[in-house]
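Below: input10.cif (mmCIF, C-alpha atoms)
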data_my_file
#
loop_
_atom_site.label_atom_id
_atom_site.label_comp_id
_atom_site.auth_asym_id
_atom_site.auth_seq_id
_atom_site.Cartn_x
_atom_site.Cartn_y
_atom_site.Cartn_z
CA MET A 29 22.69 -140.26 4.48
CA PRO A 30 24.37 -140.15 1.07
CA ARG A 31 24.93 -136.73 -0.45
CA PRO A 32 23.38 -135.88 -3.81
CA PRO A 33 25.74 -135.80 -6.78
CA GLY A 34 27.43 -132.55 -7.68
CA ARG A 35 30.55 -130.71 -6.74
CA ARG A 36 31.17 -128.72 -3.61
CA ILE A 37 31.32 -124.97 -3.83
CA PRO A 38 34.93 -123.92 -3.09
CA ALA A 39 34.89 -123.33 0.67
CA ARG A 40 36.43 -120.48 2.63
CA SER A 41 38.85 -122.73 4.53
CA SER A 42 40.87 -123.42 1.37
CA ASP A 43 41.06 -119.70 0.54
CA GLU A 44 43.16 -118.77 3.56
CA PRO A 45 46.32 -120.76 2.68
CA LEU A 46 45.91 -119.64 -0.92
CA ALA A 47 45.70 -116.01 0.24
CA TRP A 48 48.95 -116.35 2.22
CA ILE A 49 50.76 -117.93 -0.74
CA LEU A 50 49.37 -115.14 -2.90
CA PHE A 51 50.62 -112.48 -0.47
CA ALA A 52 54.13 -113.99 -0.51
CA LEU A 53 54.11 -114.22 -4.31
CA MET A 54 52.91 -110.61 -4.66
CA VAL A 55 55.72 -109.38 -2.40
CA LEU A 56 58.16 -111.44 -4.49
CA ALA A 57 56.72 -110.01 -7.72
CA LEU A 58 57.05 -106.43 -6.45
CA TYR A 59 60.61 -107.13 -5.26
CA GLY A 60 61.40 -108.61 -8.68
CA ALA A 61 59.88 -105.69 -10.57
CA PHE A 62 61.45 -102.86 -8.56
CA LEU A 63 64.68 -104.24 -7.10
CA PHE A 64 65.74 -107.52 -8.70
CA ALA A 65 65.22 -106.82 -12.41
CA GLU A 66 67.96 -104.77 -13.98
CA ARG A 67 67.23 -101.30 -15.38
CA GLU A 68 66.37 -101.38 -19.08
CA ARG A 69 68.95 -99.39 -21.03
CA VAL A 70 66.70 -97.59 -23.53
CA MET A 71 63.47 -96.94 -21.63
CA GLY A 72 64.86 -96.79 -18.10
CA ASP A 73 62.65 -97.35 -15.06
CA ILE A 74 59.40 -96.86 -16.95
CA GLN A 75 59.93 -100.32 -18.47
CA ARG A 76 59.15 -101.79 -15.03
CA ILE A 77 55.46 -101.36 -15.89
CA PHE A 78 56.05 -104.40 -18.09
CA TYR A 79 56.21 -106.68 -15.00
CA VAL A 80 52.59 -105.94 -14.18
CA HIS A 81 51.30 -105.14 -17.69
CA LEU A 82 52.16 -108.47 -19.33
CA PRO A 83 50.99 -110.71 -16.43
CA LEU A 84 47.67 -108.82 -16.34
CA ALA A 85 47.28 -109.30 -20.10
CA TRP A 86 48.07 -113.01 -19.75
CA VAL A 87 45.57 -113.49 -16.91
CA GLY A 88 42.98 -111.53 -18.90
CA PHE A 89 43.34 -114.00 -21.78
CA VAL A 90 43.08 -116.93 -19.35
CA ALA A 91 39.93 -115.40 -17.84
CA PHE A 92 38.29 -114.95 -21.24
CA GLY A 93 39.26 -118.53 -22.16
CA HIS A 94 37.71 -119.67 -18.89
CA ALA A 95 34.52 -117.72 -19.67
CA CYS A 96 34.43 -119.26 -23.16
CA TRP A 97 34.90 -122.79 -21.78
CA ALA A 98 32.23 -122.31 -19.10
CA SER A 99 29.82 -120.93 -21.73
CA ILE A 100 30.41 -124.02 -23.89
CA ARG A 101 29.67 -126.20 -20.85
CA TYR A 102 26.56 -124.15 -20.12
CA LEU A 103 25.24 -124.60 -23.65
CA ALA A 104 26.07 -128.33 -23.52
CA THR A 105 24.57 -129.08 -20.09
CA GLY A 106 22.09 -126.27 -19.46
CA ARG A 107 23.30 -126.04 -15.85
CA ARG A 108 23.08 -122.49 -14.49
CA GLU A 109 26.24 -123.03 -12.43
CA TRP A 110 28.33 -122.92 -15.60
CA ASP A 111 26.62 -119.67 -16.52
CA VAL A 112 27.69 -118.24 -13.14
CA VAL A 113 31.26 -119.44 -13.76
CA SER A 114 31.31 -117.81 -17.20
CA ALA A 115 29.99 -114.47 -15.92
CA SER A 116 32.45 -114.54 -12.99
CA ALA A 117 35.47 -115.27 -15.20
CA ALA A 118 34.42 -112.62 -17.73
CA GLU A 119 33.96 -110.04 -14.96
CA VAL A 120 37.45 -110.65 -13.56
CA GLY A 121 38.81 -110.74 -17.14
CA VAL A 122 37.29 -107.32 -17.88
CA LEU A 123 38.84 -105.96 -14.68
CA PHE A 124 42.29 -107.18 -15.76
CA ALA A 125 41.82 -106.05 -19.37
CA THR A 126 40.87 -102.56 -18.13
CA LEU A 127 44.05 -102.47 -16.04
CA VAL A 128 46.06 -103.63 -19.08
CA ILE A 129 44.71 -100.72 -21.13
CA ILE A 130 45.41 -98.21 -18.34
CA THR A 131 48.96 -99.47 -17.65
CA GLY A 132 49.62 -99.69 -21.40
CA SER A 133 48.59 -96.05 -21.87
CA LEU A 134 50.76 -94.94 -18.96
CA TRP A 135 53.68 -96.82 -20.50
CA ALA A 136 53.02 -95.56 -24.04
CA ARG A 137 52.90 -91.86 -23.12
CA PRO A 138 56.59 -91.44 -22.20
CA VAL A 139 57.87 -94.10 -24.64
CA TRP A 140 55.79 -93.55 -27.80
CA GLY A 141 54.77 -89.96 -26.98
CA THR A 142 51.04 -90.77 -27.08
CA TRP A 143 48.43 -92.23 -24.73
CA TRP A 144 46.88 -94.33 -27.47
CA THR A 145 47.52 -95.32 -31.07
CA TRP A 146 45.39 -97.39 -33.45
CA ASP A 147 48.04 -100.06 -33.69
CA PRO A 148 46.57 -103.49 -34.75
CA GLN A 149 47.34 -105.11 -31.40
CA LEU A 150 45.89 -102.27 -29.37
CA THR A 151 42.83 -102.07 -31.59
CA THR A 152 42.09 -105.80 -31.42
CA TYR A 153 42.63 -105.69 -27.65
CA LEU A 154 40.16 -102.80 -27.30
CA ILE A 155 37.65 -104.78 -29.39
CA LEU A 156 38.16 -107.73 -27.02
CA TRP A 157 37.45 -105.47 -24.05
CA PHE A 158 34.25 -104.18 -25.69
CA ILE A 159 33.15 -107.76 -26.53
CA TYR A 160 33.35 -108.93 -22.93
CA VAL A 161 31.87 -105.71 -21.51
CA GLY A 162 29.02 -106.35 -23.99
CA TYR A 163 28.77 -109.93 -22.74
CA LEU A 164 28.49 -108.75 -19.12
CA VAL A 165 25.78 -106.25 -20.10
CA LEU A 166 23.90 -108.98 -22.00
CA ARG A 167 24.28 -111.40 -19.09
CA ALA A 168 23.04 -108.84 -16.57
CA ALA A 169 20.05 -108.01 -18.79
CA ALA A 170 19.21 -111.70 -19.22
CA GLY A 171 18.41 -112.17 -15.51
CA ASP A 172 16.73 -115.54 -14.96
CA ASP A 173 15.72 -116.02 -18.60
CA PRO A 174 17.62 -119.12 -19.86
CA ARG A 175 17.07 -118.19 -23.52
CA GLN A 176 18.79 -114.83 -23.13
CA ALA A 177 21.48 -116.43 -20.97
CA ARG A 178 22.18 -118.84 -23.85
CA VAL A 179 22.46 -115.91 -26.29
CA ALA A 180 24.97 -114.28 -23.90
CA ALA A 181 26.90 -117.58 -23.72
CA VAL A 182 27.14 -117.71 -27.53
CA PHE A 183 28.45 -114.11 -27.42
CA ALA A 184 31.17 -115.13 -24.92
CA ILE A 185 32.22 -118.08 -27.10
CA VAL A 186 32.32 -116.12 -30.37
CA GLY A 187 34.08 -113.21 -28.63
CA PHE A 188 36.99 -115.44 -27.64
CA ALA A 189 37.93 -115.66 -31.34
CA ASP A 190 39.44 -112.19 -30.90
CA VAL A 191 42.11 -113.48 -28.45
CA PRO A 192 44.24 -115.22 -31.13
CA LEU A 193 43.85 -112.10 -33.29
CA VAL A 194 45.39 -109.96 -30.51
CA TRP A 195 48.21 -112.49 -30.11
CA LEU A 196 48.90 -112.83 -33.84
CA SER A 197 48.61 -109.11 -34.62
CA ALA A 198 51.79 -108.44 -32.62
CA ARG A 199 53.66 -110.99 -34.71
CA TYR A 200 52.33 -110.70 -38.22
CA LEU A 201 51.02 -107.13 -38.48
CA ARG A 202 52.86 -103.86 -37.97
CA ALA A 203 52.40 -103.69 -34.21
CA LEU A 204 54.34 -101.29 -32.00
CA SER A 205 54.42 -103.61 -28.99
CA PRO A 206 57.62 -105.69 -28.89
CA VAL A 207 57.41 -109.49 -29.32
CA ILE A 208 58.97 -110.96 -26.18
CA PHE A 209 58.38 -114.69 -26.58
CA THR A 210 59.60 -116.26 -29.80
CA SER A 211 60.44 -119.83 -30.70
CA HIS A 212 64.15 -118.91 -30.75
CA SER A 213 64.63 -116.91 -27.53
CA LEU A 214 62.99 -115.26 -24.57
CA GLY A 215 64.22 -111.79 -25.52
CA LEU A 216 64.86 -110.80 -21.90
CA ALA A 217 67.86 -110.59 -19.57
CA PRO A 218 67.80 -113.36 -16.89
CA SER A 219 66.89 -110.97 -14.02
CA MET A 220 64.05 -109.56 -16.12
CA ALA A 221 62.82 -113.06 -16.98
CA TRP A 222 62.76 -114.03 -13.27
CA ALA A 223 60.87 -110.85 -12.36
CA LEU A 224 58.38 -111.57 -15.14
CA ALA A 225 57.98 -115.18 -13.97
CA ALA A 226 57.24 -113.99 -10.41
CA GLY A 227 54.66 -111.54 -11.78
CA LEU A 228 53.03 -114.22 -13.92
CA ALA A 229 52.82 -116.63 -10.96
CA ALA A 230 51.46 -113.98 -8.58
CA TRP A 231 48.78 -112.62 -10.93
CA SER A 232 47.77 -116.12 -12.09
CA LEU A 233 47.20 -117.18 -8.48
CA PHE A 234 45.39 -113.91 -7.84
CA TYR A 235 43.02 -114.82 -10.67
CA VAL A 236 42.37 -118.25 -9.13
CA VAL A 237 41.60 -116.73 -5.71
CA LEU A 238 39.48 -113.90 -7.11
CA VAL A 239 37.45 -116.05 -9.47
CA ARG A 240 36.77 -118.62 -6.70
CA VAL A 241 35.41 -115.86 -4.46
CA ARG A 242 33.37 -114.39 -7.30
CA ILE A 243 31.93 -117.77 -8.34
CA ARG A 244 30.95 -118.54 -4.75
CA LEU A 245 29.23 -115.17 -4.47
CA GLY A 246 27.41 -115.76 -7.76
CA LEU A 247 26.24 -119.23 -6.72
CA VAL A 248 24.99 -118.01 -3.35
CA GLU A 249 23.23 -115.10 -5.07
CA ALA A 250 21.49 -117.59 -7.37
CA VAL A 251 20.37 -119.76 -4.43
CA VAL A 252 19.13 -116.74 -2.47
CA ALA A 253 17.29 -115.41 -5.53
CA ARG A 254 15.56 -118.80 -5.94
CA ALA A 255 14.68 -118.85 -2.25
CA ALA A 256 13.36 -115.29 -2.44
CA ASP A 257 11.18 -116.27 -5.39
CA GLY A 258 9.76 -119.10 -3.28
CA ARG A 259 11.16 -121.74 -5.59
CA GLU A 260 12.92 -124.87 -4.53
CA ALA A 261 16.67 -124.99 -5.19
CA ALA A 262 17.69 -127.61 -7.70
CA PRO A 263 19.06 -130.79 -6.07
CA MET B 7 59.01 -92.41 -12.42
CA THR B 8 55.68 -90.55 -12.27
CA TYR B 9 54.15 -92.81 -14.91
CA LEU B 10 55.54 -95.89 -13.18
CA PHE B 11 54.00 -94.81 -9.87
CA TRP B 12 50.61 -94.09 -11.45
CA ALA B 13 50.61 -97.40 -13.34
CA PHE B 14 51.10 -99.46 -10.17
CA ALA B 15 48.76 -97.18 -8.21
CA ALA B 16 46.05 -97.65 -10.87
CA VAL B 17 46.44 -101.43 -10.76
CA TRP B 18 46.08 -101.63 -6.98
CA ALA B 19 43.30 -99.03 -6.90
CA GLY B 20 41.40 -101.05 -9.51
CA VAL B 21 41.91 -104.29 -7.60
CA PHE B 22 40.80 -102.81 -4.27
CA LEU B 23 37.78 -101.10 -5.84
CA TYR B 24 36.69 -104.44 -7.29
CA LEU B 25 37.24 -106.20 -3.94
CA TYR B 26 35.23 -103.47 -2.22
CA GLY B 27 32.42 -104.08 -4.72
CA LEU B 28 32.48 -107.81 -3.91
CA VAL B 29 32.37 -107.09 -0.16
CA ARG B 30 29.38 -104.79 -0.67
CA ARG B 31 27.57 -107.44 -2.71
CA SER B 32 28.35 -110.02 -0.06
CA ARG B 33 26.94 -107.79 2.71
CA LEU B 34 23.79 -107.15 0.66
CA LEU B 35 23.42 -110.90 0.24
CA GLU B 36 23.81 -111.49 3.99
CA GLN B 37 21.08 -108.91 4.55
CA GLN B 38 18.82 -110.72 2.06
CA VAL B 39 19.44 -114.05 3.79
CA GLU B 40 18.60 -112.52 7.18
CA ASP B 41 15.40 -111.00 5.74
CA LEU B 42 14.40 -114.38 4.27
CA VAL B 43 15.04 -116.16 7.57
CA ARG B 44 13.02 -113.52 9.44
CA GLN B 45 10.12 -113.78 6.96
CA ARG B 46 9.97 -117.56 7.14
CA GLY B 47 10.47 -117.84 10.88
CA PRO B 48 12.57 -120.40 12.77
CA ALA B 49 10.60 -123.37 11.38
CA GLY B 50 10.24 -121.89 7.92
CA GLY B 51 13.06 -123.81 6.33
CA GLY B 52 15.56 -120.94 6.18
CA THR B 53 19.20 -121.83 6.41
CA GLY B 54 19.96 -119.20 9.01
CA ALA B 55 23.53 -118.77 7.87
CA SER B 56 25.42 -115.88 6.42
CA ALA B 57 26.14 -115.38 2.74
CA GLY B 58 29.71 -116.51 3.06
CA GLU B 59 28.84 -119.84 4.63
CA ALA B 60 25.45 -121.00 3.55
CA PRO B 61 24.35 -122.49 1.38
CA GLY B 62 27.75 -122.20 -0.20
CA ALA B 63 30.15 -123.85 2.21
CA GLU B 64 28.38 -127.09 2.92
CA GLU B 65 25.55 -127.51 0.48
CA ARG B 66 26.16 -129.40 -2.73
CA VAL B 67 24.55 -127.55 -5.59
CA GLY B 68 26.33 -129.05 -8.54
CA ALA B 69 28.82 -126.21 -8.70
CA PRO B 70 31.63 -126.61 -11.17
CA ARG B 71 35.10 -125.68 -9.97
CA PRO B 72 36.76 -122.66 -11.56
#
Do you think you could lay out the structure here as structure tokens?
Amino acid sequence: MPRPPGRRIPARSSDEPLAWILFALMVLALYGAFLFAERERVMGDIQRIFYVHLPLAWVGFVAFGHACWASIRYLATGRREWDVVSASAAEVGVLFATLVIITGSLWARPVWGTWWTWDPQLTTYLILWFIYVGYLVLRAAAGDDPRQARVAAVFAIVGFADVPLVWLSARYLRALSPVIFTSHSLGLAPSMAWALAAGLAAWSLFYVVLVRVRIRLGLVEAVVARAADGREAAP
Amino acid sequence: MTYLFWAFAAVWAGVFLYLYGLVRRSRLLEQQVEDLVRQRGPAGGGTGASAGEAPGAEERVGAPRP
């Protein structure tokens, strides 16, 4: 009997090899951050926070971009699955953004002498965090109402406009955070660049694994909610 | 070194707290599925599978990939 059209929910069997690769990459990232990367001359060992702080920030941006893209797809197609994808990506993005703010504060205290400063980059990043926390609150309040879910989707799309502002504020405004990547150079010693690359790979894969699990949970929740309401699941 | 320790500890604590939340939600969902199956009975059209497997693993529901 032919199967109806549609894509398969990511199955558990494909998560196991991914989890093992992730474990190996995480060990490599920790080795790179604590043992392989050379000690920074000015800041000392505290600079090693960078190897988790920057990858988390990168993955946070990717997650918010993913939420924005899924929201656009939801508005275009009206399929609730895209809404689940958007909420899942935003949830994981908020987790990572929260960790970026915490690790940033713990790095700033010994280096800048303060937990927080209203630097343009930090301020725009905090606004981004509030935008996506607001989106998650809106999405949770919307429940099964497609109209409110569409409003939340618009919020996720508009909110993504803050991501380039965070990126550009470090370059063109008086930001305290150093600019690492420029068109001319990487701005890092080779051992530091390798440790950063391992961190970026590990946390990017962690995002893929986490968001797959979260999307699957969201989709199953939606099916169970429909079944509990006595409605037929959409083919 | 204290700040470095707390930064990495905070990251892993945050990650594990989130994973714990997902596990709790998953268990709640399994409980809901079991309740639905029990309410409908064996011939009631329930899937009879746990939250991690059904309808997610095999059923096609038009799910977009992440």
Applied to this file, what does the PyMOL selection byres ((chain A and resi 118) around 7) return in terms of residues, put as number ranges by chain?
-> A: 91-92, 95, 114-117, 119-122, 160
Point out the residue among A:Thr152, A:Thr131, A:Gln75, A:Ser42 with the least atom-to-atom distance to B:Ala13, counting all atoms listed in the file.
->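 Ranked by minimum distance to B:Ala13, first place goes to A:Thr131.
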At a cut-off of 8 Å, can you tabulate as a tab-separated table every residue of stretch 29-117 of chain A near stretch 176-190 of chain A together with its closest atom pair and the distance in Å to one decimal, using only C-alpha atoms and ordering rows by chain then number?
residue	atom	partner	partner_atom	distance
A:Phe92	CA	A:Phe188	CA	6.5
A:Gly93	CA	A:Phe188	CA	6.7
A:Ala95	CA	A:Ala184	CA	6.7
A:Cys96	CA	A:Ile185	CA	4.7
A:Trp97	CA	A:Ile185	CA	7.6
A:Ser99	CA	A:Ala181	CA	4.9
A:Ile100	CA	A:Ile185	CA	7.0
A:Tyr102	CA	A:Ala181	CA	7.5
A:Leu103	CA	A:Arg178	CA	6.5
A:Asp111	CA	A:Ala181	CA	7.5
A:Ser114	CA	A:Ala181	CA	7.9
Could the residues in this selection be written to a file with C-alpha atoms, as a PDB file, keeping the file's coordinate frame?
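Output below, filename part09.pdb:
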ATOM      1  CA  PHE A  92      38.290-114.950 -21.240  1.00  0.00           C
ATOM      2  CA  GLY A  93      39.260-118.530 -22.160  1.00  0.00           C
ATOM      3  CA  ALA A  95      34.520-117.720 -19.670  1.00  0.00           C
ATOM      4  CA  CYS A  96      34.430-119.260 -23.160  1.00  0.00           C
ATOM      5  CA  TRP A  97      34.900-122.790 -21.780  1.00  0.00           C
ATOM      6  CA  SER A  99      29.820-120.930 -21.730  1.00  0.00           C
ATOM      7  CA  ILE A 100      30.410-124.020 -23.890  1.00  0.00           C
ATOM      8  CA  TYR A 102      26.560-124.150 -20.120  1.00  0.00           C
ATOM      9  CA  LEU A 103      25.240-124.600 -23.650  1.00  0.00           C
ATOM     10  CA  ASP A 111      26.620-119.670 -16.520  1.00  0.00           C
ATOM     11  CA  SER A 114      31.310-117.810 -17.200  1.00  0.00           C
TER      12      SER A 114
END
Target residues per the PyMOL selection byres ((chain B and resi 12) around 12), formatted as an NGL selection string | (:A and (74 or 77 or 127 or 130-135)) or (:B and (7-11 or 13-20))
I need the residue set behind the PyMOL selection byres ((chain B and resi 29-41) around 7) for this file; please write it as a PyMOL selection string.
-> (chain A and resi 245+249+252) or (chain B and resi 25-28+42-45+56-57)
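Going from atom CA of A:Ala229 over to atom CA of A:Phe51, you cover 11.5 Å.
Here the question is which of A:Leu50, A:Ala169, A:Val191, A:Val251 gets nearest to chain B using all atoms listed in the file, and that residue is A:Val251.
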Can you work out the spacing between atom CA of A:Tyr153 and atom CA of A:Asp73 in Å, to one decimal?
-> 25.1 Å
Taking all atoms listed in the file into account, which of A:Leu228, A:Val248, A:Ala61, A:Ala253 comes nearest chain B?
-> A:Val248
Suppose you want the space between atom CA of A:Ala225 and atom CA of A:Val80; what is it in Å?
->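 About the pair atom CA of A:Ala225 and atom CA of A:Val80: they are 10.7 Å apart.
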What are the centre and the three edge lengths of an axis-aligned box that wraps all atoms of stretch 21-35 of chain B in the file, given that 5 Å is added to every side, written as JSON and rounded to one decimal in Å?
{"center_x": 32.7, "center_y": -106.0, "center_z": -2.4, "size_x": 28.5, "size_y": 19.8, "size_z": 20.3}
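Near A:Ala230, within 10 Å and counting all atoms listed in the file, sit A:Ile49, A:Leu50, A:Phe51, A:Ala52, A:Leu53, A:Met54, A:Val55, A:Leu56, A:Ala57, A:Leu58, A:Val80, A:Pro83, A:Leu224, A:Ala225, A:Tyr235; same-chain residues fewer than 5 positions away were not included.
The nearest approach to chain B among the residues A:Leu123, A:Leu63, A:Met71, A:Val194, with all atoms listed in the file taken into account, belongs to A:Leu123.
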Which one of A:Leu196, A:Val113, A:Phe62, A:Val237 sits closest to A:Leu150 if you count all atoms listed in the file?
-> A:Leu196
Among the residues A:Val165, A:Trp110, A:Ala217, A:Asp147, the one that comes closest to A:Leu201 [using only C-alpha atoms] |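 Ranking A:Val165, A:Trp110, A:Ala217, A:Asp147 by distance to A:Leu201, first place goes to A:Asp147.
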